[in-house]
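Source file target22.txt; content: compact mmCIF, C-alpha atoms.
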# COMPACT_ATOMS: atom_id res chain seq x y z
CA MET A 1 3.75 13.63 13.58
CA LYS A 2 4.54 10.09 12.47
CA PHE A 3 6.45 11.27 9.38
CA GLU A 4 8.91 13.63 11.06
CA ARG A 5 11.60 10.97 10.83
CA LYS A 6 11.94 9.68 7.28
CA LEU A 7 14.10 6.76 6.27
CA SER A 8 17.17 7.59 4.24
CA ASP A 9 18.10 5.68 1.08
CA LYS A 10 20.66 3.61 2.99
CA GLU A 11 18.28 2.78 5.81
CA TYR A 12 15.61 1.45 3.48
CA LEU A 13 15.86 -1.30 0.83
CA PHE A 14 16.95 0.63 -2.24
CA ASP A 15 20.45 -0.84 -2.36
CA ILE A 16 18.92 -4.32 -2.26
CA TYR A 17 16.51 -3.55 -5.09
CA GLU A 18 19.19 -2.07 -7.34
CA PRO A 19 22.82 -1.45 -6.29
CA ASN A 20 23.36 0.94 -9.21
CA PRO A 21 20.23 3.11 -9.52
CA PRO A 22 19.93 4.97 -12.82
CA SER A 23 20.05 8.75 -12.70
CA PHE A 24 16.72 9.17 -14.50
CA LEU A 25 14.82 7.58 -11.61
CA LYS A 26 16.47 9.99 -9.17
CA GLU A 27 15.39 12.90 -11.35
CA PHE A 28 11.76 11.81 -11.44
CA LEU A 29 11.78 11.16 -7.68
CA GLU A 30 12.90 14.74 -7.02
CA THR A 31 9.96 16.32 -8.87
CA GLU A 32 7.42 18.24 -6.84
CA GLU A 33 4.63 15.81 -7.63
CA MET A 34 6.64 12.83 -6.38
CA ARG A 35 8.05 14.58 -3.31
CA ARG A 36 4.47 15.16 -2.16
CA LEU A 37 4.28 11.40 -1.58
CA MET A 38 6.88 11.69 1.18
CA ASP A 39 3.97 12.95 3.29
CA VAL A 40 1.42 10.34 2.23
CA GLY A 41 1.65 7.10 4.18
CA MET A 42 1.41 3.52 3.00
CA HIS A 43 -0.96 2.54 5.80
CA CYS A 44 -3.91 4.78 4.98
CA GLY A 45 -3.81 6.87 8.14
CA CYS A 46 -3.95 3.89 10.49
CA GLU A 47 -0.41 4.69 11.63
CA TYR A 48 -1.67 7.85 13.36
CA THR A 49 -3.74 5.83 15.83
CA SER A 50 -2.48 4.09 18.97
CA PHE A 51 -3.49 0.56 17.96
CA PRO A 52 -0.59 -1.84 18.67
CA LEU A 53 -1.16 -3.38 15.21
CA PHE A 54 0.16 -0.16 13.65
CA SER A 55 3.19 0.38 15.88
CA PHE A 56 5.72 0.11 13.07
CA VAL A 57 9.49 -0.02 13.49
CA HIS A 58 10.01 2.44 10.61
CA PRO A 59 7.73 4.96 8.88
CA TYR A 60 6.69 3.89 5.38
CA SER A 61 5.67 6.50 2.82
CA ARG A 62 4.24 6.28 -0.69
CA TRP A 63 7.46 7.91 -1.90
CA LEU A 64 9.57 5.05 -0.54
CA HIS A 65 7.19 2.55 -2.10
CA SER A 66 7.16 4.32 -5.47
CA ALA A 67 10.94 4.58 -5.56
CA GLY A 68 11.18 0.90 -4.69
CA VAL A 69 8.81 -0.15 -7.47
CA GLY A 70 10.76 1.90 -10.01
CA LEU A 71 14.03 0.32 -8.91
CA ILE A 72 12.64 -3.22 -8.97
CA VAL A 73 11.22 -2.78 -12.46
CA TRP A 74 14.53 -1.37 -13.68
CA HIS A 75 16.48 -4.21 -12.04
CA TYR A 76 14.48 -6.87 -13.88
CA THR A 77 13.75 -5.12 -17.20
CA GLN A 78 16.39 -2.42 -17.79
CA ASP A 79 13.57 -0.58 -19.59
CA ILE A 80 13.17 3.13 -18.92
CA ALA A 81 9.47 3.41 -19.85
CA GLN A 82 8.46 0.48 -17.66
CA SER A 83 10.58 1.75 -14.78
CA VAL A 84 9.16 5.27 -14.89
CA ALA A 85 5.62 3.87 -15.16
CA GLY A 86 6.26 1.82 -12.03
CA LEU A 87 7.69 4.81 -10.21
CA LEU A 88 4.75 7.08 -11.15
CA HIS A 89 1.97 4.57 -10.48
CA ASP A 90 0.95 6.18 -7.15
CA ILE A 91 1.38 9.80 -8.21
CA ALA A 92 -2.37 10.50 -7.88
CA THR A 93 -2.68 8.88 -4.45
CA PRO A 94 -4.59 11.27 -2.16
CA VAL A 95 -3.93 11.84 1.53
CA PHE A 96 -4.58 8.70 3.59
CA ALA A 97 -4.61 6.79 0.29
CA HIS A 98 -7.36 4.15 0.19
CA VAL A 99 -9.35 5.97 2.88
CA VAL A 100 -10.55 8.12 -0.01
CA ASP A 101 -11.79 4.93 -1.72
CA PHE A 102 -13.88 4.33 1.42
CA LEU A 103 -15.03 7.96 1.20
CA ASN A 104 -16.04 7.29 -2.42
CA GLY A 105 -17.96 4.14 -1.46
CA ASP A 106 -15.36 1.74 -2.89
CA PRO A 107 -13.98 -0.26 0.07
CA ILE A 108 -13.69 -3.56 -1.83
CA ARG A 109 -12.08 -2.73 -5.21
CA GLN A 110 -10.21 0.33 -3.89
CA GLU A 111 -9.51 1.69 -7.35
CA THR A 112 -11.10 5.16 -7.43
CA THR A 113 -7.85 6.73 -6.23
CA GLU A 114 -6.04 5.57 -9.40
CA GLU A 115 -8.28 7.54 -11.74
CA GLY A 116 -6.26 10.76 -11.76
CA THR A 117 -2.88 9.29 -12.75
CA LEU A 118 -2.90 10.34 -16.42
CA GLU A 119 -4.13 13.86 -15.67
CA ARG A 120 -1.61 14.32 -12.85
CA ILE A 121 1.30 13.37 -15.10
CA GLN A 122 0.02 15.54 -17.95
CA GLU A 123 -0.24 18.60 -15.70
CA ALA A 124 3.16 18.22 -14.00
CA GLU A 125 5.54 20.49 -15.92
CA ASP A 126 8.69 19.10 -14.33
CA ILE A 127 7.68 15.54 -15.18
CA GLN A 128 6.77 16.53 -18.74
CA CYS A 129 10.23 18.07 -19.15
CA LEU A 130 11.86 14.85 -17.98
CA LEU A 131 9.71 12.73 -20.27
CA LYS A 132 10.80 14.87 -23.21
CA LYS A 133 14.43 14.62 -22.08
CA TYR A 134 14.29 10.83 -22.15
CA GLY A 135 12.24 10.48 -25.32
CA LEU A 136 9.08 9.33 -23.55
CA LYS A 137 5.42 10.28 -23.93
CA THR A 138 2.77 10.50 -21.24
CA GLU A 139 1.01 7.40 -22.57
CA ASP A 140 4.25 5.42 -22.19
CA VAL A 141 4.26 5.87 -18.42
CA ALA A 142 0.69 6.69 -17.32
CA ASP A 143 -0.55 3.09 -17.01
CA TYR A 144 1.77 0.64 -15.30
CA HIS A 145 -0.82 -2.11 -15.86
CA LEU A 146 0.59 -2.32 -19.40
CA TYR A 147 3.80 -3.84 -18.08
CA PRO A 148 3.49 -7.27 -16.41
CA ILE A 149 6.66 -6.98 -14.33
CA ALA A 150 5.35 -3.71 -12.87
CA ASP A 151 1.79 -4.94 -12.36
CA ASN A 152 -0.35 -7.95 -13.22
CA PRO A 153 -3.64 -9.51 -12.09
CA ALA A 154 -3.72 -10.73 -8.49
CA PRO A 155 -2.65 -13.03 -6.96
CA ALA A 156 0.43 -13.09 -9.21
CA LEU A 157 3.66 -11.43 -8.08
CA SER A 158 4.50 -8.03 -9.57
CA ALA A 159 6.99 -5.31 -8.64
CA ASP A 160 4.21 -3.35 -6.94
CA ARG A 161 3.08 -6.27 -4.75
CA LEU A 162 6.66 -7.35 -4.15
CA GLU A 163 7.70 -3.89 -2.95
CA TYR A 164 4.86 -3.27 -0.52
CA THR A 165 5.31 -6.79 0.82
CA LEU A 166 9.05 -6.45 1.39
CA GLY A 167 8.55 -2.87 2.56
CA ASN A 168 6.07 -4.03 5.17
CA PHE A 169 8.39 -6.87 6.19
CA TYR A 170 11.06 -4.28 6.92
CA CYS A 171 8.99 -1.41 8.35
CA ARG A 172 6.93 -3.74 10.56
CA GLY A 173 10.04 -5.60 11.74
CA ILE A 174 8.85 -8.95 10.33
CA LYS A 175 12.06 -9.65 8.37
CA SER A 176 15.60 -8.33 8.51
CA ARG A 177 17.38 -6.72 5.57
CA LYS A 178 19.43 -9.91 5.22
CA GLU A 179 16.31 -12.07 5.01
CA ILE A 180 14.71 -9.68 2.53
CA ALA A 181 17.83 -9.65 0.33
CA ARG A 182 17.85 -13.47 0.34
CA MET A 183 14.28 -13.54 -0.97
CA TYR A 184 14.81 -10.78 -3.52
CA ASP A 185 17.99 -12.28 -4.95
CA ASN A 186 16.15 -15.57 -5.50
CA LEU A 187 13.74 -14.10 -8.06
CA LEU A 188 13.80 -14.81 -11.79
CA CYS A 189 11.66 -13.62 -14.70
CA LEU A 190 9.90 -16.60 -16.30
CA PRO A 191 6.72 -17.18 -18.35
CA ASN A 192 3.60 -17.91 -16.27
CA GLU A 193 0.60 -20.08 -17.20
CA GLN A 194 -0.45 -17.59 -19.89
CA GLY A 195 3.06 -17.25 -21.27
CA ILE A 196 3.43 -13.77 -19.74
CA VAL A 197 6.68 -13.01 -17.94
CA GLU A 198 6.33 -12.92 -14.15
CA LEU A 199 8.62 -12.63 -11.14
CA THR A 200 9.25 -16.21 -10.01
CA PHE A 201 11.07 -17.75 -7.07
CA ALA A 202 13.84 -20.19 -7.93
CA SER A 203 13.45 -21.77 -4.49
CA ARG A 204 10.26 -23.46 -3.32
CA GLU A 205 11.38 -22.95 0.28
CA LEU A 206 11.75 -19.18 -0.12
CA ALA A 207 8.48 -18.91 -2.03
CA GLU A 208 6.72 -20.58 0.87
CA GLU A 209 8.45 -18.38 3.45
CA PHE A 210 7.61 -15.23 1.48
CA THR A 211 3.97 -16.18 0.97
CA LEU A 212 3.26 -17.20 4.55
CA ALA A 213 4.82 -13.97 5.83
CA SER A 214 2.95 -11.92 3.21
CA LEU A 215 -0.32 -13.29 4.57
CA GLU A 216 0.51 -11.54 7.85
CA ASN A 217 0.37 -8.29 5.89
CA SER A 218 -2.88 -9.42 4.24
CA ARG A 219 -4.45 -10.02 7.63
CA MET A 220 -3.38 -6.55 8.79
CA TYR A 221 -5.07 -4.96 5.75
CA THR A 222 -8.36 -6.67 6.59
CA ALA A 223 -8.19 -6.56 10.40
CA ASP A 224 -11.05 -5.03 12.37
CA GLU A 225 -8.69 -2.25 13.45
CA ASP A 226 -7.76 -1.44 9.84
CA ARG A 227 -11.30 -1.39 8.50
CA PHE A 228 -12.59 0.62 11.45
CA CYS A 229 -9.82 3.21 11.09
CA MET A 230 -10.34 3.63 7.38
CA GLN A 231 -14.10 4.05 7.65
CA TYR A 232 -13.82 6.41 10.64
CA LEU A 233 -11.23 8.53 8.86
CA ALA A 234 -13.33 8.54 5.68
CA ASP A 235 -16.30 9.80 7.70
CA LEU A 236 -14.09 12.40 9.38
CA LEU A 237 -12.92 13.65 5.98
CA LYS A 238 -16.56 13.73 4.85
CA CYS A 239 -17.43 15.93 7.83
CA GLY A 240 -14.47 18.16 7.06
CA LEU A 241 -15.69 18.59 3.49
CA GLU A 242 -19.30 19.20 4.53
CA TRP A 243 -18.31 21.74 7.18
CA GLY A 244 -16.09 23.64 4.74
CA ILE A 245 -12.91 22.88 6.69
CA LEU A 246 -11.53 20.92 3.74
CA SER A 247 -11.94 21.30 0.00
CA PRO A 248 -11.75 18.39 -2.48
CA GLN A 249 -8.43 19.83 -3.65
CA ASP A 250 -6.99 19.47 -0.14
CA LEU A 251 -7.22 15.70 -0.48
CA ASP A 252 -4.54 15.93 -3.17
CA SER A 253 -2.12 17.77 -0.90
CA THR A 254 -0.22 16.22 2.04
CA GLU A 255 -1.28 14.60 5.27
CA THR A 256 0.45 17.32 7.28
CA GLU A 257 -1.60 19.98 5.50
CA VAL A 258 -4.92 18.14 5.92
CA ILE A 259 -4.30 17.35 9.59
CA GLY A 260 -3.41 21.01 10.08
CA ARG A 261 -6.75 22.06 8.61
CA LEU A 262 -8.70 19.52 10.64
CA THR A 263 -7.15 20.72 13.88
CA THR A 264 -8.12 24.37 13.27
CA ASP A 265 -11.80 23.61 13.87
CA GLU A 266 -12.98 22.58 17.33
CA ARG A 267 -15.32 19.88 16.04
CA SER A 268 -12.90 18.13 13.69
CA ALA A 269 -9.96 18.70 16.07
CA LYS A 270 -11.79 16.71 18.75
CA LEU A 271 -12.55 13.91 16.29
CA TRP A 272 -8.91 13.78 15.16
CA GLU A 273 -7.75 13.73 18.79
CA ASP A 274 -10.10 10.82 19.48
CA TYR A 275 -8.82 9.02 16.39
CA CYS A 276 -5.19 9.30 17.43
CA GLY A 277 -6.05 7.80 20.83
CA PHE A 278 -7.83 4.69 19.54
CA CYS A 279 -6.05 1.58 20.85
CA ARG A 280 -8.65 -1.12 21.61
CA ILE A 281 -11.15 -2.61 19.19
CA GLY A 282 -14.52 -4.11 20.00
CA ALA A 283 -16.56 -6.39 17.75
CA GLY A 284 -19.90 -8.16 17.93
CA ASP A 285 -23.00 -9.34 16.08
CA ARG A 286 -25.17 -6.47 17.33
CA LYS A 287 -24.73 -2.76 16.74
CA PRO A 288 -23.82 -1.20 20.10
CA GLU A 289 -25.87 1.62 21.52
CA GLY A 290 -24.25 5.03 22.01
CA ARG A 291 -21.12 4.26 20.01
CA TYR A 292 -19.84 5.05 16.56
CA SER A 293 -19.66 1.62 14.93
CA VAL A 294 -19.33 0.26 11.42
CA ARG A 295 -19.89 -2.96 9.53
CA VAL A 296 -17.73 -2.71 6.44
CA PRO A 297 -15.97 -5.17 4.11
CA SER A 298 -12.51 -4.72 2.63
CA LYS A 299 -10.39 -5.83 -0.30
CA LEU A 300 -8.84 -9.28 0.12
CA ARG A 301 -5.20 -8.87 -0.96
CA TYR A 302 -2.89 -11.86 -1.09
CA ILE A 303 -0.06 -13.20 -3.27
CA ASP A 304 0.38 -16.72 -4.67
CA PRO A 305 3.75 -16.50 -6.45
CA LEU A 306 5.25 -18.87 -8.95
CA CYS A 307 8.24 -20.97 -8.00
CA LEU A 308 10.33 -23.68 -9.59
CA PRO A 309 9.43 -27.12 -8.19
CA ASP A 310 11.98 -29.52 -6.78
CA ASP A 311 11.54 -31.97 -9.66
CA THR A 312 13.35 -31.80 -12.98
CA SER A 313 10.50 -30.27 -14.99
CA ARG A 314 11.67 -26.73 -14.16
CA LYS A 315 8.23 -25.44 -15.12
CA PRO A 316 7.01 -22.73 -12.70
CA VAL A 317 4.12 -23.67 -10.42
CA ARG A 318 2.06 -21.61 -7.95
CA ILE A 319 3.37 -22.20 -4.45
CA SER A 320 -0.17 -22.98 -3.24
CA ARG A 321 -0.06 -26.13 -5.40
CA LEU A 322 3.15 -27.29 -3.75
CA SER A 323 2.62 -26.24 -0.13
CA ARG A 324 -0.34 -27.46 1.87
CA ALA A 325 0.43 -24.84 4.53
CA VAL A 326 0.16 -22.03 1.97
CA GLU A 327 -2.96 -23.51 0.37
CA LYS A 328 -4.67 -23.80 3.74
CA GLN A 329 -3.81 -20.28 4.87
CA ILE A 330 -4.92 -18.72 1.58
CA GLU A 331 -8.19 -20.62 1.82
CA GLN A 332 -8.72 -19.42 5.38
CA PHE A 333 -7.91 -15.84 4.38
CA ASN A 334 -10.35 -15.91 1.46
CA ASN A 335 -13.05 -17.05 3.87
CA THR A 336 -12.55 -13.97 6.07
CA SER A 337 -15.92 -12.77 7.33
CA PHE A 338 -16.72 -9.08 7.71
CA ASP A 339 -20.24 -9.69 9.00
CA ARG A 340 -19.86 -8.03 12.38
CA TRP A 341 -20.05 -4.58 13.94
CA ILE A 342 -16.78 -3.01 15.04
CA TRP A 343 -16.07 -0.07 17.33
CA THR A 344 -13.42 1.29 19.67
CA GLU A 345 -13.47 0.94 23.43
CA GLU A 346 -12.06 4.47 23.88
CA ALA A 347 -14.89 6.47 22.27
CA ASP A 348 -18.59 6.66 22.96
CA ASP A 349 -20.62 8.09 20.09
CA GLY A 350 -17.57 9.51 18.27
CA LEU A 351 -18.62 10.99 14.95
CA GLY A 352 -22.24 10.63 16.03
CA ARG A 353 -21.81 13.72 18.20
CA PHE A 354 -21.54 15.85 15.09
CA ALA A 355 -23.66 13.93 12.58
Output the file's structure in the form of structure tokens.
Amino acid sequence: MKFERKLSDKEYLFDIYEPNPPSFLKEFLETEEMRRLMDVGMHCGCEYTSFPLFSFVHPYSRWLHSAGVGLIVWHYTQDIAQSVAGLLHDIATPVFAHVVDFLNGDPIRQETTEEGTLERIQEAEDIQCLLKKYGLKTEDVADYHLYPIADNPAPALSADRLEYTLGNFYCRGIKSRKEIARMYDNLLCLPNEQGIVELTFASRELAEEFTLASLENSRMYTADEDRFCMQYLADLLKCGLEWGILSPQDLDSTETEVIGRLTTDERSAKLWEDYCGFCRIGAGDRKPEGRYSVRVPSKLRYIDPLCLPDDTSRKPVRISRLSRAVEKQIEQFNNTSFDRWIWTEEADDGLGRFA
């Protein structure tokens, strides 16, 4: 199992995000609903394969990400409602996360997995007790889109995008803790073009460094390996549901539980074993014969943060307007083509054996 070793608070980035974490965030993080996210990964099941692209230095769970978002929001707002909303934003995330969006036919927007957030919070007794304790209502924390520091329209920088970017920097070994702290400590809260407060880099140099490195994460999310894994795993889950191995409710449990169910049936166990062994991707204009192959698009995620320019105006500007390197790479990324068939070199007909 890839999640047997979990990062401790001190090993991860929590002390960088907020040296003095408030007790209320710790209480919410210890609820049953949030602890479930310790066994739901940030990389949508791709980390269970053998592709070199997903050989991470550290495991990265939705719990770590959620805790990080809550801490970042608190650090910059000191507002309990906004912080709890940021912490709870992924509470409804199913096993393998956005794979279920692929299962639901939503590979581009990837928003169907957010739909159960309000209901999940309403039904969690321990969370409801904590909300009452701190004078909060469900509607105060069930939609983090209400709070621009927690979330805002892409490609702006929010606590959510900041955390999964810095988290990936660390867990993929792209940046050291020292480099991450240098970027984080450079951030300010300033009005953007619409007059809405947004996380903003004080340094143009650090904004450029952050954005160029974040595009490495963006390319991972849209890589052939990533899209193939997510569609294959979505189809595997579909088979599990159709064969009665899984129930829809199982998707709201943990990855350990779902993998355990899949490996109790000879058919799905073989498919899962194949999946874990995938390590080489193939791609081409024509659909290959005798292989499981897909042609699927994906969501184009990237960040174009604000920064203060070097001149004396001190008015925040998008880094893409100041850096030709950033502008060019964002343009190239937005022109990513998904018009090709992709498959693995390790498997023949894969899921086709049981279709």
9 Å contact set for A:Ala81, only C-alpha atoms, chain neighbours under 3 positions out, as a PyMOL selection string: chain A and resi 84-86+136-137+140-141
Exercise: A:Tyr302 partners within 12 Å, all atoms listed in the file, chain neighbours under 3 positions left out, as a VMD selection string: chain A and resid 153 to 158 161 to 162 164 to 165 210 to 222 299 305 320 326 to 327 329 to 334
Show which residues sit within 10 Å of A:Gly240, as a PDB file with C-alpha atoms, in the frame of the given file. Count all atoms listed in the file, and ignore same-chain residues fewer than 3 positions away.
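Okay, out.pdb is ready:
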ATOM      1  CA  ALA A 234     -13.330   8.540   5.680  1.00  0.00           C
ATOM      2  CA  ASP A 235     -16.300   9.800   7.700  1.00  0.00           C
ATOM      3  CA  LEU A 236     -14.090  12.400   9.380  1.00  0.00           C
ATOM      4  CA  LEU A 237     -12.920  13.650   5.980  1.00  0.00           C
ATOM      5  CA  TRP A 243     -18.310  21.740   7.180  1.00  0.00           C
ATOM      6  CA  GLY A 244     -16.090  23.640   4.740  1.00  0.00           C
ATOM      7  CA  ILE A 245     -12.910  22.880   6.690  1.00  0.00           C
ATOM      8  CA  LEU A 246     -11.530  20.920   3.740  1.00  0.00           C
ATOM      9  CA  SER A 247     -11.940  21.300   0.000  1.00  0.00           C
ATOM     10  CA  PRO A 248     -11.750  18.390  -2.480  1.00  0.00           C
ATOM     11  CA  VAL A 258      -4.920  18.140   5.920  1.00  0.00           C
ATOM     12  CA  ARG A 261      -6.750  22.060   8.610  1.00  0.00           C
ATOM     13  CA  LEU A 262      -8.700  19.520  10.640  1.00  0.00           C
ATOM     14  CA  ASP A 265     -11.800  23.610  13.870  1.00  0.00           C
ATOM     15  CA  ARG A 267     -15.320  19.880  16.040  1.00  0.00           C
ATOM     16  CA  SER A 268     -12.900  18.130  13.690  1.00  0.00           C
TER      17      SER A 268
END
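With distances taken over all atoms listed in the file, A:Leu206 is the one residue among A:Leu206, A:Leu188, A:Val296, A:Ala223 lying closest to A:Ile319.
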Selection near stretch 167-184 of chain A, 6 Å with all atoms listed in the file, sequence-local residues under 5 positions removed, as a list in words: Phe56, Val57 and His58 of chain A
Option closest in space to A:Gln122, from A:Leu233, A:Cys239, A:Ala92, A:Ala202 [counting all atoms listed in the file]: A:Ala92
Atomic separation - atom CA of A:Thr31 relative to atom CA of A:Asp126, Å: 6.3 Å
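Taking atom CA of A:Asp101 as the reference point, atom CA of A:Phe228 is found at 13.9 Å.
With all atoms listed in the file taken into account, the protein and nucleic acid residues at most 12 Å from A:Leu322 (excluding it and anything under 3 positions from it in its own chain) are Ser203, Arg204, Glu205, Ala207, Glu208, Asp304, Pro305, Leu306, Cys307, Leu308, Pro309, Asp310, Asp311, Pro316, Val317, Arg318, Ile319, Ala325, Val326, Glu327 and Lys328 of chain A.
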Point-to-point distance in Å for atom CA of A:Glu114 and atom CA of A:Trp341: 29.1 Å
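Look at everything within 10 Å of (18.2, 3.7, -16.0) using only C-alpha atoms, and the residues you get are Asn20, Pro21, Pro22, Ser23, Phe24, Leu25, Lys26, Gly70, Leu71, Trp74, His75, Thr77, Gln78, Asp79, Ile80, Ala81, Ser83 and Val84 of chain A.
Nearest residue to A:Leu271 among A:Leu146, A:Leu64, A:Ile259, A:Ala159 is A:Ile259, counting all atoms listed in the file.
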Polymer residues at most 6 Å from (-1.2, 6.9, 8.3) by only C-alpha atoms, as a ChimeraX atom specification: /A:41,43-48
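Closest approach to A:Glu119 among A:Ser298, A:Gln194, A:Thr138, A:Ser55: A:Thr138, based on all atoms listed in the file.
With distances restricted to only C-alpha atoms, A:Asp185 is the closest residue to A:Glu18 from A:Asp106, A:Asp185, A:Glu115, A:Asp160.
Using only C-alpha atoms, the nearest neighbour of A:Val95 within the list A:Ile149, A:Val69, A:Met42, A:Leu130 is A:Met42.
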